[in-house]
Amino acid sequence: MNIKNIYRKGAGSVCCGIAAALMALPMLTSCEDFFAQESDDVLYADTEHLTVAEDTIYSVTGILKKLQALADRTVLLGELRGDLVELTGEANKDLVQIYEFNVNDSNKYNNPSDYYAVINNCNYFIAHADTAYRDNRDDDIFMKEFCAVKTIRAWTYLQLVLNYGNVPFFTEPLLSKEEAEAAENGAKYNLMQVCNFFIDDLSSLQRRYNVETPNYGKVRDEESRLFFFPTSVVLGDLYLWRASLTGDQYDYLEAAWMYYLYIYDRSYRLGNGAYPLTLDARCYWEPGETSYLKFSGRDKIFPIEESTRYDAELITMIAGDKIPADGHYSELRNFFTSRDENNKKVSIVPSTRLEEISEAQTNVVLTKSGNETYFADHGLTEHMSGDLRLAAVWKKDVETDAITKDRIETQEISKWKKYPNVNIYRRTMLYLRMAEAFNGAGYPRMAFQILSEGLSDQAILDNVISRYQNYDAENDTVIYSETDSLVLSQFYFSDLYYQVAKAKDFVTLSSARVNQIGIHQRGSGFTPADTTYVLPNDTIETNPVKRAQLIEEQKVVVDSLILTESALEFAFEGTRYYDIMRYALRQSNPEATMNKIIGMRKGKAKATSTPLLNRQNWYLRWKGKIGYIGE
């Protein structure tokens with residue numbers, strides 16, 4: 001079979017620009033209905049292996065182009081089913097269906113074939129790329145692409161199963177209608193099975209490619225390095241989801257380790273030895289300033305700059321086209337921010353619930369000397385109370401129509417203002433998920449350290465390892481718990497490169513080495529001085545039995561703090577529904593937990609009328625061929 005075509009449709013798009021010639025985008029022909037045929041798909045089926053660099057790059061480019069179709073729904077399915085937003089009267093029926101958990105087969109965001117288009121092309125590449133092919137210096141030629149494609153496939157399957165619950169699963173390329181029908185009617189995998197398979201699959205990849213992703217330089221002003229998914233980060237997600245299902249402390253610890261590996265590899269192999277949260281990444285009250293609210297860093301903390309600097313926040317994005325005619329133009333800016341394109345009318349606004357969560361935080365203000373603290377007032381206008389990240393990202397205004405003179409209320413969500421691309425992974429997300437993993441593994445004090453102050457070797461020793469002590473009755477002495485000390489000391493945040501900010505540093509940066517803050521400090525001021533933001537019974541318990549009981553009590557508190565932090569940090573980015581789902585899966589009654597949290601929506605639409613006490617309603621369904629069927 002020889003089906004090698006030249007594909008020129010959409011040649012002006014971001015992904016079509018990877019190869020300077022803007023030539024072929026190799027993609028597999030899939031089969032009708034579930035794996036819908038597309039006349040513009042391209043198949044390299046006339047050779048046993050992809051051994052030509054151009055063909056390999058074009059194949060990867062084709063996969064990236066298929067990923068573009070998943071960008072908007074990744075955010076919308078994750079945000080509209082949460083509790084942080086509500087819809088305006090401008091919202092179209094597809095958005096309303098998602099918000100109400102009542103998505104029908106014709107909803108534009110309910111199209112599993114888009115996921116399978118990515119998966120099937122990944123399967124083909126994995127089956128045919130010649131990973132043994134080497135250049136005249138005996139270096140691997142295609143291993144970067146091979147690892148990248150395997151990781152994209154794992155990420156895509158994870159999104160698919162999180163949204164549909166049970167999904168047809170196959171790892172060989174489907175080259176005929178008969179093969180597609182067999183796959184459609186074949187094995188169905190649930191979340192646990194997807195996690196099991198891809199943990200094994202990705203764990204076999206060489207660690208060196210964790211950071212050394214394919215780098216094709218800039219593509220139409222976008223950094224191509226940002227188009228790829230680090231293997232250890234996706235592995236971290238897989239371990240974290242599996243642990244949330246089983247409660248396995250080993251899986252939680254593996255999740256923490258995988259997130260840490262990316263931080264470690266990036267800092268020591270791409271940068272200057274550190275990949276910290278940084279003092280720059282915060283907004284805070286500053287007495288004496290005219291506006292009081294001060295944004296730190298090169299720019300405001302949002303939107304996230306699309307840079308590949310060693311200290312850049314953004315890790316992975318799905319690139320969007322810059323004009324609607326290119327075919328994969330993201331609608332998110334028009335949904336969230338008043339623009340000429342949407343006649344200044346937005347479809348999605350922050351919910352009353354989000355305002356409540358933000359307002360409820362205590363904001364600790366330091367005087368300029370750093371020697372005194374006080375709490376900022378509550379009840380302030382323009383979202384200036386509590387955590388300031390909402391104020392940093394959400395602006396409302398009023399404009400007058402130049403022709404009609406009508407009064408127009410406008411909104412700006414700065415996360416969806418500047419760029420046409422969709423962020424998938426960023427640095428703060430890794431730190432927060434690492435905290436979630438540490439907490440599940442039985443180290444709530446380590447998790448709390450990430451939230452409240454940040455990590456360095458000295459901080460871990462003083463504030464974390466010191467809590468894990470045993471009493472040696474024979475010698476009447478107290479010693480560190482050897483097991484816990486060994487576990488925690490493996491997470492290496494060298495004091496040469498990481499230093500946690502003290503009060504004086506938070507006010508005026510005094511040293512380049514002072515570079516680490518707690519995630520909560522990004523919007524709530526100097527958290528270490530917040531007497532309301534503490535662990536319960538934060539004492540040194542030397543009796544192992546009593547300490548285990550105390551740890552379980554602290555885990556409950558920290559788990560709730562992490563869920564709140566995800567709302568404050570990642571509102572409008574599409575993670576909320578999945579963060580709630582993981583949290584719910586860890587509870588004794590997941591369905592009741594989901595129903596309660598989503599039911600706290602307030603505003604025009606309030607709670608969904610679809611009962612989430614039925615787990616089937618957590619997921620999408622499509623034509624009776626895909627959807628949750630139980631565990």
# chains A, B, ... in the order shown; residues from 1 in each chain; ligands from 1
>>> residues_around(residues="A:Asn617", least_positions_apart="3", cutoff="9 Å", atoms="only C-alpha atoms", output="PyMOL selection string")
chain A and resi 101-102+610-614+620+628
>>> write_last_selection(atoms="N, CA and C atoms", output="short mmCIF file (atom, residue, chain, number, x, y, z; two decimals), in the first residue's frame")
data_model
loop_
_atom_site.label_atom_id
_atom_site.label_comp_id
_atom_site.auth_asym_id
_atom_site.auth_seq_id
_atom_site.Cartn_x
_atom_site.Cartn_y
_atom_site.Cartn_z
N PHE A 101 -23.40 19.28 33.04
CA PHE A 101 -23.13 17.83 33.03
C PHE A 101 -24.19 17.10 32.18
N ASN A 102 -24.50 17.66 31.05
CA ASN A 102 -25.56 17.11 30.20
C ASN A 102 -25.13 17.20 28.74
N THR A 610 -27.69 17.71 37.55
CA THR A 610 -27.30 16.31 37.35
C THR A 610 -26.68 15.77 38.63
N PRO A 611 -27.22 14.71 39.20
CA PRO A 611 -26.71 14.21 40.48
C PRO A 611 -25.35 13.53 40.33
N LEU A 612 -24.34 14.09 40.96
CA LEU A 612 -23.01 13.50 40.89
C LEU A 612 -22.84 12.38 41.90
N LEU A 613 -23.91 12.09 42.65
CA LEU A 613 -23.89 10.91 43.51
C LEU A 613 -23.84 9.64 42.67
N ASN A 614 -24.20 9.77 41.41
CA ASN A 614 -24.07 8.67 40.45
C ASN A 614 -22.76 8.90 39.69
N LEU A 620 -18.29 11.93 30.32
CA LEU A 620 -18.99 12.08 29.05
C LEU A 620 -19.32 10.70 28.49
N TYR A 628 -18.40 5.68 30.91
CA TYR A 628 -18.15 4.95 32.16
C TYR A 628 -19.07 3.74 32.28
#
>>> select_by_dssp(residues="stretch 410-540 of chain A", states="strand (DSSP E)", output="PDB file with N, CA and C atoms, in the first residue's frame")
ATOM      1  N   THR A 410     -17.264  45.115  30.707  1.00  0.00           N
ATOM      2  CA  THR A 410     -16.203  44.283  30.130  1.00  0.00           C
ATOM      3  C   THR A 410     -15.456  43.520  31.218  1.00  0.00           C
ATOM      4  N   GLN A 411     -14.770  42.499  30.785  1.00  0.00           N
ATOM      5  CA  GLN A 411     -13.981  41.662  31.688  1.00  0.00           C
ATOM      6  C   GLN A 411     -12.665  41.304  31.030  1.00  0.00           C
ATOM      7  N   GLU A 412     -11.623  41.286  31.828  1.00  0.00           N
ATOM      8  CA  GLU A 412     -10.325  40.794  31.355  1.00  0.00           C
ATOM      9  C   GLU A 412      -9.843  39.713  32.308  1.00  0.00           C
ATOM     10  N   ILE A 413      -9.627  38.509  31.777  1.00  0.00           N
ATOM     11  CA  ILE A 413      -8.931  37.447  32.500  1.00  0.00           C
ATOM     12  C   ILE A 413      -7.545  37.380  31.873  1.00  0.00           C
ATOM     13  N   VAL A 422      -2.543  27.222  24.621  1.00  0.00           N
ATOM     14  CA  VAL A 422      -3.135  26.658  25.832  1.00  0.00           C
ATOM     15  C   VAL A 422      -2.036  26.021  26.673  1.00  0.00           C
ATOM     16  N   ASN A 423      -1.853  26.533  27.890  1.00  0.00           N
ATOM     17  CA  ASN A 423      -0.834  25.991  28.781  1.00  0.00           C
ATOM     18  C   ASN A 423      -1.299  24.662  29.374  1.00  0.00           C
ATOM     19  N   ILE A 424      -0.405  23.695  29.407  1.00  0.00           N
ATOM     20  CA  ILE A 424      -0.712  22.378  29.973  1.00  0.00           C
ATOM     21  C   ILE A 424       0.034  22.179  31.289  1.00  0.00           C
ATOM     22  N   TYR A 425       1.345  22.386  31.289  1.00  0.00           N
ATOM     23  CA  TYR A 425       2.140  22.221  32.499  1.00  0.00           C
ATOM     24  C   TYR A 425       2.936  23.491  32.765  1.00  0.00           C
ATOM     25  N   ARG A 426       3.037  23.849  34.050  1.00  0.00           N
ATOM     26  CA  ARG A 426       3.925  24.928  34.450  1.00  0.00           C
ATOM     27  C   ARG A 426       4.536  24.609  35.813  1.00  0.00           C
ATOM     28  N   GLN A 469      10.943  11.827  64.584  1.00  0.00           N
ATOM     29  CA  GLN A 469      11.903  11.343  65.564  1.00  0.00           C
ATOM     30  C   GLN A 469      11.297  10.203  66.382  1.00  0.00           C
ATOM     31  N   ASN A 470      12.148   9.276  66.776  1.00  0.00           N
ATOM     32  CA  ASN A 470      11.734   8.159  67.632  1.00  0.00           C
ATOM     33  C   ASN A 470      12.444   8.249  68.980  1.00  0.00           C
ATOM     34  N   TYR A 471      11.795   7.726  69.972  1.00  0.00           N
ATOM     35  CA  TYR A 471      12.408   7.684  71.308  1.00  0.00           C
ATOM     36  C   TYR A 471      13.098   6.339  71.512  1.00  0.00           C
ATOM     37  N   ASP A 472      14.383   6.396  71.799  1.00  0.00           N
ATOM     38  CA  ASP A 472      15.189   5.202  72.065  1.00  0.00           C
ATOM     39  C   ASP A 472      15.191   4.980  73.577  1.00  0.00           C
ATOM     40  N   THR A 477      17.143   8.372  74.698  1.00  0.00           N
ATOM     41  CA  THR A 477      17.496   9.459  73.796  1.00  0.00           C
ATOM     42  C   THR A 477      16.507   9.512  72.632  1.00  0.00           C
ATOM     43  N   VAL A 478      16.474  10.641  71.966  1.00  0.00           N
ATOM     44  CA  VAL A 478      15.606  10.841  70.803  1.00  0.00           C
ATOM     45  C   VAL A 478      16.475  10.875  69.549  1.00  0.00           C
ATOM     46  N   ILE A 479      16.095  10.112  68.549  1.00  0.00           N
ATOM     47  CA  ILE A 479      16.856  10.051  67.299  1.00  0.00           C
ATOM     48  C   ILE A 479      15.911  10.248  66.130  1.00  0.00           C
ATOM     49  N   TYR A 480      16.489  10.710  65.014  1.00  0.00           N
ATOM     50  CA  TYR A 480      15.693  10.823  63.798  1.00  0.00           C
ATOM     51  C   TYR A 480      15.208   9.444  63.375  1.00  0.00           C
ATOM     52  N   GLN A 499      17.390  28.944  48.673  1.00  0.00           N
ATOM     53  CA  GLN A 499      17.334  29.534  50.005  1.00  0.00           C
ATOM     54  C   GLN A 499      15.940  30.106  50.217  1.00  0.00           C
ATOM     55  N   VAL A 500      15.312  29.682  51.290  1.00  0.00           N
ATOM     56  CA  VAL A 500      13.947  30.098  51.595  1.00  0.00           C
ATOM     57  C   VAL A 500      13.937  31.541  52.089  1.00  0.00           C
ATOM     58  N   VAL A 514      18.399  33.936  47.637  1.00  0.00           N
ATOM     59  CA  VAL A 514      17.084  33.903  48.275  1.00  0.00           C
ATOM     60  C   VAL A 514      16.054  33.830  47.161  1.00  0.00           C
ATOM     61  N   ASN A 515      15.592  32.629  46.907  1.00  0.00           N
ATOM     62  CA  ASN A 515      14.811  32.450  45.681  1.00  0.00           C
ATOM     63  C   ASN A 515      13.618  31.521  45.839  1.00  0.00           C
ATOM     64  N   GLN A 516      13.306  31.086  47.047  1.00  0.00           N
ATOM     65  CA  GLN A 516      12.257  30.073  47.196  1.00  0.00           C
ATOM     66  C   GLN A 516      11.182  30.578  48.167  1.00  0.00           C
TER      67      GLN A 516
END
>>> atom_distance(atom1="atom CA of A:Asn166", atom2="atom CA of A:Asn123")
19.4 Å
>>> residues_around(residues="stretch 521-532 of chain A", least_positions_apart="2", cutoff="9 Å", atoms="only C-alpha atoms", output="VMD selection string")
chain A and resid 277 279 to 285 301 361 to 366 373 375 386 to 390 392 451 to 453 502 to 503 506 517 to 519 534 568 to 569
>>> write_last_selection(atoms="C-alpha atoms", output="PDB file, in the first residue's frame")
ATOM      1  CA  LEU A 277       9.204  29.201  42.744  1.00  0.00           C
ATOM      2  CA  LEU A 279      10.221  35.740  44.976  1.00  0.00           C
ATOM      3  CA  ASP A 280       9.462  37.236  41.573  1.00  0.00           C
ATOM      4  CA  ALA A 281       6.384  35.050  41.245  1.00  0.00           C
ATOM      5  CA  ARG A 282       4.086  36.828  43.686  1.00  0.00           C
ATOM      6  CA  CYS A 283       1.760  39.758  44.223  1.00  0.00           C
ATOM      7  CA  TYR A 284       1.533  41.346  47.643  1.00  0.00           C
ATOM      8  CA  TRP A 285       0.565  44.355  49.741  1.00  0.00           C
ATOM      9  CA  ILE A 301       2.606  36.931  37.506  1.00  0.00           C
ATOM     10  CA  GLN A 361      -7.608  33.788  52.878  1.00  0.00           C
ATOM     11  CA  THR A 362      -5.609  35.780  55.397  1.00  0.00           C
ATOM     12  CA  ASN A 363      -3.159  38.167  53.781  1.00  0.00           C
ATOM     13  CA  VAL A 364      -0.114  38.872  55.949  1.00  0.00           C
ATOM     14  CA  VAL A 365       1.459  42.264  55.247  1.00  0.00           C
ATOM     15  CA  LEU A 366       5.017  43.088  56.260  1.00  0.00           C
ATOM     16  CA  THR A 373       3.330  42.239  60.405  1.00  0.00           C
ATOM     17  CA  PHE A 375      -3.336  41.380  58.476  1.00  0.00           C
ATOM     18  CA  GLY A 386      -7.597  37.783  50.987  1.00  0.00           C
ATOM     19  CA  ASP A 387      -5.459  36.141  48.334  1.00  0.00           C
ATOM     20  CA  LEU A 388      -4.399  38.623  45.653  1.00  0.00           C
ATOM     21  CA  ARG A 389      -4.084  36.236  42.718  1.00  0.00           C
ATOM     22  CA  LEU A 390      -7.714  36.827  41.808  1.00  0.00           C
ATOM     23  CA  ALA A 392      -4.003  39.944  39.639  1.00  0.00           C
ATOM     24  CA  LEU A 451       2.715  25.476  50.562  1.00  0.00           C
ATOM     25  CA  SER A 452       3.918  27.773  53.317  1.00  0.00           C
ATOM     26  CA  GLU A 453       7.628  28.516  52.896  1.00  0.00           C
ATOM     27  CA  LYS A 502      12.768  35.247  55.416  1.00  0.00           C
ATOM     28  CA  ALA A 503      10.694  38.293  56.312  1.00  0.00           C
ATOM     29  CA  PHE A 506      10.187  39.083  51.249  1.00  0.00           C
ATOM     30  CA  ILE A 517       8.812  30.846  48.583  1.00  0.00           C
ATOM     31  CA  GLY A 518       5.759  28.808  49.472  1.00  0.00           C
ATOM     32  CA  ILE A 519       3.007  28.523  46.873  1.00  0.00           C
ATOM     33  CA  VAL A 534      -0.770  26.171  60.397  1.00  0.00           C
ATOM     34  CA  LEU A 568      -6.332  30.143  44.003  1.00  0.00           C
ATOM     35  CA  GLU A 569      -3.473  29.337  41.643  1.00  0.00           C
TER      36      GLU A 569
END
>>> residues_around(residues="A:Lys368", least_positions_apart="3", cutoff="8 Å", atoms="only C-alpha atoms", output="MDAnalysis selection string")
chainID A and resid 286:287 371 507:508
>>> atom_distance(atom1="atom CA of A:Tyr468", atom2="atom CA of A:Arg445")
9.6 Å
>>> closest_residue(among="A:Ala274, A:Ala571, A:Ala360, A:Leu70", to="A:Tyr329", atoms="only C-alpha atoms")
A:Leu70
>>> closest_residue(among="A:Tyr262, A:Tyr619, A:Tyr115, A:Tyr583", to="A:Ser244", atoms="only C-alpha atoms")
A:Tyr583
>>> atom_distance(atom1="atom CA of A:Asn537", atom2="atom CA of A:Ile580")
26.3 Å
